[in-house]
Structures are given as structure tokens and as C-alpha cells.
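File shown here: structure24.txt, holding compact mmCIF, C-alpha atoms.
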# COMPACT_ATOMS: atom_id res chain seq x y z
CA MET A 1 0.00 0.00 0.00
CA ASN A 2 1.04 3.62 -0.42
CA GLY A 3 2.47 5.25 2.67
CA SER A 4 4.23 2.12 3.84
CA LEU A 5 6.46 2.52 6.85
CA PRO A 6 10.25 2.63 6.51
CA ALA A 7 11.81 -0.71 5.57
CA GLN A 8 13.51 -2.77 8.26
CA PRO A 9 16.95 -4.30 7.47
CA CYS A 10 15.57 -7.85 7.18
CA GLU A 11 12.74 -6.97 4.77
CA PRO A 12 12.98 -8.07 1.16
CA ALA A 13 13.12 -5.27 -1.40
CA MET A 14 9.61 -6.09 -2.57
CA VAL A 15 6.78 -8.23 -1.22
CA GLY A 16 5.57 -10.34 -4.12
CA ASN A 17 3.96 -13.28 -2.34
CA TRP A 18 3.14 -14.80 1.05
CA THR A 19 6.63 -16.29 1.37
CA ASP A 20 8.02 -12.75 1.36
CA TYR A 21 5.71 -11.85 4.24
CA GLN A 22 7.33 -14.62 6.26
CA ARG A 23 10.65 -12.80 5.82
CA LEU A 24 9.35 -9.40 6.92
CA CYS A 25 10.22 -7.79 10.20
CA PRO A 26 7.07 -6.41 11.84
CA SER A 27 6.65 -2.65 11.54
CA ASP A 28 6.54 -0.44 14.62
CA PRO A 29 3.12 1.26 14.94
CA ARG A 30 4.82 4.25 16.62
CA ASP A 31 6.28 5.18 13.23
CA LEU A 32 2.69 6.14 12.38
CA VAL A 33 0.94 6.66 15.73
CA ALA A 34 2.35 9.43 17.91
CA TYR A 35 -0.29 9.01 20.65
CA ALA A 36 -3.28 6.73 21.23
CA VAL A 37 -6.04 6.82 23.85
CA LEU A 38 -8.85 4.25 24.07
CA ASP A 39 -11.83 5.12 26.26
CA SER A 40 -9.68 7.62 28.24
CA ASN A 41 -6.89 5.03 28.72
CA VAL A 42 -3.49 5.85 27.24
CA GLY A 43 -2.05 2.96 25.24
CA GLN A 44 1.19 1.31 26.31
CA PHE A 45 3.86 0.29 23.82
CA GLY A 46 5.07 -3.27 24.09
CA PHE A 47 6.03 -6.46 22.25
CA SER A 48 3.14 -8.87 21.86
CA THR A 49 3.62 -12.62 21.89
CA ASN A 50 0.06 -13.29 20.68
CA PHE A 51 -0.76 -10.69 17.99
CA ILE A 52 0.10 -13.28 15.33
CA GLU A 53 -1.23 -16.56 16.77
CA PRO A 54 -3.21 -16.14 19.98
CA GLY A 55 -5.17 -19.35 19.47
CA ALA A 56 -8.37 -19.95 17.52
CA TRP A 57 -9.67 -16.78 15.86
CA THR A 58 -13.33 -15.79 16.00
CA ALA A 59 -15.20 -13.11 14.06
CA SER A 60 -14.46 -9.67 15.45
CA PRO A 61 -17.39 -8.05 17.27
CA LEU A 62 -16.08 -4.56 16.44
CA ALA A 63 -17.63 -2.11 13.99
CA ILE A 64 -17.23 1.56 13.12
CA SER A 65 -20.26 3.29 14.63
CA ASN A 66 -19.81 6.93 13.60
CA ALA A 67 -17.71 9.20 11.43
CA PRO A 68 -14.30 10.22 12.83
CA VAL A 69 -13.97 13.81 14.04
CA VAL A 70 -10.80 15.91 14.02
CA SER A 71 -9.91 18.48 16.66
CA ALA A 72 -6.90 20.76 17.07
CA LEU A 73 -4.25 19.78 19.60
CA GLU A 74 -3.61 23.50 20.10
CA SER A 75 -7.01 24.12 21.68
CA ASP A 76 -5.89 27.61 22.79
CA ASN A 77 -5.10 28.57 19.18
CA GLN A 78 -8.42 29.77 17.74
CA LEU A 79 -7.09 29.65 14.18
CA LYS A 80 -6.25 25.94 14.59
CA VAL A 81 -9.64 25.28 16.23
CA ALA A 82 -11.38 26.99 13.31
CA ASP A 83 -9.21 25.04 10.85
CA ALA A 84 -10.29 21.74 12.45
CA ASN A 85 -13.95 22.77 12.42
CA GLN A 86 -13.76 23.77 8.77
CA TRP A 87 -11.96 20.53 7.88
CA ASN A 88 -14.72 18.48 9.57
CA PHE A 89 -17.35 20.53 7.71
CA LEU A 90 -15.73 20.07 4.30
CA ASN A 91 -14.61 16.43 4.55
CA GLN A 92 -16.70 13.28 4.86
CA THR A 93 -14.48 10.97 6.93
CA TRP A 94 -16.60 7.80 6.74
CA ASN A 95 -19.44 6.36 4.71
CA GLY A 96 -21.84 4.53 7.00
CA SER A 97 -24.49 3.86 4.36
CA SER A 98 -26.12 0.43 4.65
CA ALA A 99 -26.03 0.31 0.84
CA LEU A 100 -22.22 0.44 0.86
CA ALA A 101 -20.31 -2.84 0.58
CA ILE A 102 -19.40 -3.92 4.14
CA PRO A 103 -15.58 -3.95 3.61
CA ALA A 104 -15.70 -0.37 2.25
CA GLY A 105 -17.24 0.74 5.55
CA LYS A 106 -13.86 0.15 7.24
CA PHE A 107 -12.21 2.90 5.17
CA LEU A 108 -11.64 6.09 7.21
CA PHE A 109 -10.16 9.47 6.32
CA LEU A 110 -8.01 10.86 9.11
CA ARG A 111 -5.83 13.94 9.41
CA GLY A 112 -2.05 14.08 9.95
CA ILE A 113 0.46 15.13 11.13
CA ASN A 114 1.11 15.85 14.82
CA GLU A 115 -1.30 18.81 14.97
CA TRP A 116 -4.62 17.00 15.00
CA ASP A 117 -6.46 14.61 17.28
CA ASN A 118 -8.54 12.07 15.33
CA ARG A 119 -11.47 10.68 17.32
CA LEU A 120 -12.73 7.32 16.02
CA TYR A 121 -16.00 5.82 17.22
CA ILE A 122 -15.91 2.02 17.57
CA ASP A 123 -18.70 -0.28 18.70
CA PHE A 124 -17.23 -3.12 20.78
CA GLY A 125 -20.45 -5.14 20.84
CA GLY A 126 -22.21 -6.65 23.83
CA THR A 127 -19.59 -8.94 25.35
CA PRO A 128 -16.99 -6.89 27.26
CA VAL A 129 -13.56 -6.81 25.63
CA THR A 130 -10.76 -6.91 28.20
CA ASP A 131 -7.62 -6.57 26.06
CA VAL A 132 -6.87 -4.61 22.89
CA GLN A 133 -3.73 -4.37 20.76
CA LEU A 134 -3.23 -1.93 17.87
CA SER A 135 -0.63 -2.52 15.18
CA LEU A 136 -0.16 -2.63 11.44
CA MET A 137 -2.54 -5.30 10.15
CA MET A 138 -0.02 -7.20 8.07
CA ASN A 139 2.31 -7.58 11.06
CA ALA A 140 0.03 -10.56 11.74
CA ALA A 141 1.27 -12.17 8.50
CA THR A 142 4.92 -12.07 9.60
CA ARG A 143 6.75 -14.44 11.95
CA GLY A 144 7.50 -11.52 14.25
CA ASP A 145 10.91 -10.23 15.26
CA LYS A 146 13.84 -12.35 16.45
CA GLN A 147 11.85 -13.23 19.56
CA GLY A 148 8.67 -13.94 17.58
CA THR A 149 6.96 -10.84 18.97
CA VAL A 150 5.18 -7.91 17.32
CA PRO A 151 5.39 -4.25 18.40
CA VAL A 152 1.94 -3.06 19.47
CA ILE A 153 0.14 -0.34 21.36
CA ALA A 154 -1.80 -2.22 24.03
CA TRP A 155 -4.57 -1.81 26.56
CA THR A 156 -5.20 -4.48 29.19
CA GLY A 157 -7.59 -5.09 32.06
CA LEU A 158 -10.47 -3.11 30.54
CA SER A 159 -14.16 -3.81 30.12
CA LEU A 160 -15.20 -2.36 26.77
CA SER A 161 -18.67 -2.79 25.30
CA GLY A 162 -20.87 -0.57 23.21
CA GLU A 163 -19.51 2.57 21.53
CA LYS A 164 -16.08 3.73 22.69
CA THR A 165 -13.69 6.34 21.34
CA LEU A 166 -10.18 5.74 20.05
CA ASN A 167 -8.17 8.97 19.79
CA VAL A 168 -5.02 8.93 17.66
CA VAL A 169 -2.43 11.52 16.67
CA LEU A 170 -0.67 10.49 13.46
CA ARG A 171 2.88 11.24 12.33
CA GLN A 172 2.68 10.83 8.55
CA PHE A 173 0.45 10.75 5.51
CA GLY A 174 -0.49 7.69 3.45
CA THR A 175 -2.73 4.64 3.39
CA TYR A 176 -2.41 2.13 6.24
CA SER A 177 -4.10 -1.15 7.07
CA ILE A 178 -4.57 -1.19 10.84
CA GLY A 179 -5.44 -4.21 12.98
CA LEU A 180 -7.25 -3.99 16.31
CA TRP A 181 -6.67 -7.28 18.12
CA THR A 182 -9.20 -8.04 20.85
CA PHE A 183 -9.74 -10.58 23.62
CA ASP A 184 -12.91 -10.89 25.68
CA GLY A 185 -11.73 -13.53 28.14
CA ALA A 186 -12.59 -16.39 25.79
CA ASN A 187 -12.41 -15.25 22.16
CA TYR A 188 -9.72 -13.61 20.02
CA GLY A 189 -10.65 -11.33 17.15
CA MET A 190 -8.95 -8.99 14.68
CA PHE A 191 -10.74 -5.94 13.30
CA GLU A 192 -9.25 -4.23 10.26
CA MET A 193 -9.51 -0.54 9.40
CA ILE A 194 -8.00 1.28 6.43
CA TRP A 195 -6.72 4.68 7.47
CA GLN A 196 -6.23 7.21 4.67
CA VAL A 197 -4.19 9.92 6.41
CA VAL A 198 -4.42 13.24 4.58
CA PRO A 199 -3.26 16.86 5.17

Turn the structure described in the file into C-alpha cells.
Amino acid sequence: MNGSLPAQPCEPAMVGNWTDYQRLCPSDPRDLVAYAVLDSNVGQFGFSTNFIEPGAWTASPLAISNAPVVSALESDNQLKVADANQWNFLNQTWNGSSALAIPAGKFLFLRGINEWDNRLYIDFGGTPVTDVQLSLMMNAATRGDKQGTVPVIAWTGLSLSGEKTLNVVLRQFGTYSIGLWTFDGANYGMFEMIWQVVP
């Protein structure tokens, strides 16, 4: 995809098939995400041992529930606040139409870089989710790093159900496939979003 993160030393020059993915080093989500808050809880960076193969996968209960909203990080700068308001007014960040193909409903327009807070609205369903990990989606197709782990932004010990907000500040522009890994105490799921990060 466009906007791919910087290549790691062990990555092949080009990914042409699934064998190449097995040779990839996982990408660090912090190269894209400068800050992440889920339901008022700040994410913690770490190396996950179960982002790739936690056990048996089940269908993710997650869904986008509302259009993302951008706000200015410089809330005391009225020009920036007005800029964010105008950007929200002029830009449709999500298409929630029931007539839209379901996979296309995971495509979100977000704003970079480092000046804007992007608030995403995610429905976690009815069964409380206790653990969440955010990383680049295709990190799950790799074998991990030398220790078999994947860099993630994680939240643990929560109880998330219904609509919650995920706030992210993004470092760069481009198109990114993002995976939200979830565990509800019994089931593992992976929810994909496509983030188109624009000026």
C-alpha cells in the first residue's frame, strides 16, 4: 500500500507473495501513531507474543459506529480550532451507508500530522472486551521479530462494550491497514480498518 512505513533491514526489497511476508520484520506502529487513547486510557507500547497466533480466531465483534472527528491539539489557538472545524465541515471521513459494501465501511479518512487529534467511534459489541492491541494489520502475516513478537500499542484489564472512542495523533500521511486485536476472556478477534491519512 502507499504510505508504507520505513523498511527494516531484514525486509525483502519487494513483497511479491506470502513467502516474502514470512521474511518481513514487523513494523513499529509508533512510526505512524504518535499518541493513542482508548476510552480515556493511554495505550502502552510493548512487544506482543500473541498478535500473530493467539489461538483460535473468532469473528471480530467490532464495527465503526460513527464518522471520525478531528480536533486541534492547540485548543488555545483559535485559528487551529477553526481550521479543524472547517476541515470536519468540508470532509466526509466515513461512509456509513447500509447500501455500501461492508468492507468499504472500514475505510476512514483521518488527518495528519502531529497537529490534529482524530477521534474514532468504535462499537465493541455486547460482550466486554478486556484486552486490545493496535498494530499494522499485516504484522500478523509475519513471523515476528527475532523473539517472535510484534510491536503493538496495548490496553489491558479493561471492560469495553458498546460505543467507545479511540483517539489517535498520526505522524505521517499515506494509506495504512490497521489491525485492532481483541480478547474478551474467551475469544480472540482482529478488526481491520483502512486509514487514509491526509493533510

*Could you give me, as a VMD selection string, the residues within 10 Å of range 42-59 of chain A, counting all atoms listed in the file and dropping anything in the same chain fewer than 5 positions from it?*
chain A and resid 28 to 30 35 to 37 132 to 135 137 to 145 147 to 156 166 to 167 179 to 183 186 to 191

*Pick out the residues sitting within 12 Å of Glu115 in chain A, and hand them over as a ChimeraX atom specification; count all atoms listed in the file, and ignore anything fewer than 3 positions along from it in its own chain.*
/A:34-35,70-75,77,80-81,83-84,110-112,118,168-172,199

_Distance query Thr165 in chain A at most 9 Å, only C-alpha atoms, self and fewer than 5 positions along chain excluded, as a ChimeraX atom specification_ = /A:37-40,119-123

*State, in Å with one decimal place, the distance from CA of Asn91 in chain A to CA of Trp116 in chain A.*
14.5 Å

_Given only C-alpha atoms as the basis, pick out the residue of A:Gly16, A:Gly185, A:Gly162, A:Pro68 nearest to Gly125 in chain A._
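Answer, going by the shortest atom-to-atom distance: A:Gly162.
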
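With only C-alpha atoms taken into account, every residue lying no more than 7 Å from the file point (-10.2, 0.7, 32.3) is included here: A:Asn41, A:Gly157, A:Leu158, A:Ser159.
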
Using the selection just defined, write its residues with C-alpha atoms as a compact mmCIF listing (two decimals), keeping the file's coordinate frame.
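Below is the file result_2.txt, written as the result:
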# COMPACT_ATOMS: atom_id res chain seq x y z
CA ASN A 41 -6.89 5.03 28.72
CA GLY A 157 -7.59 -5.09 32.06
CA LEU A 158 -10.47 -3.11 30.54
CA SER A 159 -14.16 -3.81 30.12

*Tell me which of A:Ile194, A:Leu160, A:Val15, A:Leu136 sits closest to Val33 in chain A, counting all atoms listed in the file.*
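Answer, going by the shortest atom-to-atom distance: A:Leu136.
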
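Distances here use all atoms listed in the file; by that measure, the residue among A:Leu108, A:Thr175, A:Gly126, A:Arg23 closest to Gly96 in chain A is A:Leu108.
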
_For a test of reading the model, state the distance in Å between CA of Phe124 in chain A and CA of Val197 in chain A, rounded to one decimal._
23.4 Å

*What is the CA of Ser27 in chain A to CA of Val69 in chain A distance in Å?*
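Pair CA of Ser27 in chain A / CA of Val69 in chain A returns 26.5 Å.
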
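Neighbouring residues of Ser97 in chain A at 12 Å or closer, counting only C-alpha atoms and skipping chain neighbours under 5 positions away, are A:Ile64, A:Ser65, A:Asn66, A:Ala67, A:Ile102, A:Pro103, A:Ala104, A:Gly105, A:Lys106.
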
Generate the output file for the selected residues, C-alpha atoms, as a short mmCIF file (atom, residue, chain, number, x, y, z; two decimals), keeping the file's coordinate frame.
data_model
loop_
_atom_site.label_atom_id
_atom_site.label_comp_id
_atom_site.auth_asym_id
_atom_site.auth_seq_id
_atom_site.Cartn_x
_atom_site.Cartn_y
_atom_site.Cartn_z
CA ILE A 64 -17.23 1.56 13.12
CA SER A 65 -20.26 3.29 14.63
CA ASN A 66 -19.81 6.93 13.60
CA ALA A 67 -17.71 9.20 11.43
CA ILE A 102 -19.40 -3.92 4.14
CA PRO A 103 -15.58 -3.95 3.61
CA ALA A 104 -15.70 -0.37 2.25
CA GLY A 105 -17.24 0.74 5.55
CA LYS A 106 -13.86 0.15 7.24
#

Expected axis-aligned box over every listed atom of range 45-59 of chain A, 6 Å added per side, centre plus edges in Å to one decimal, as AutoDock Vina command-line options:
--center_x -4.6 --center_y -9.8 --center_z 19.1 --size_x 33.2 --size_y 32.2 --size_z 22.0
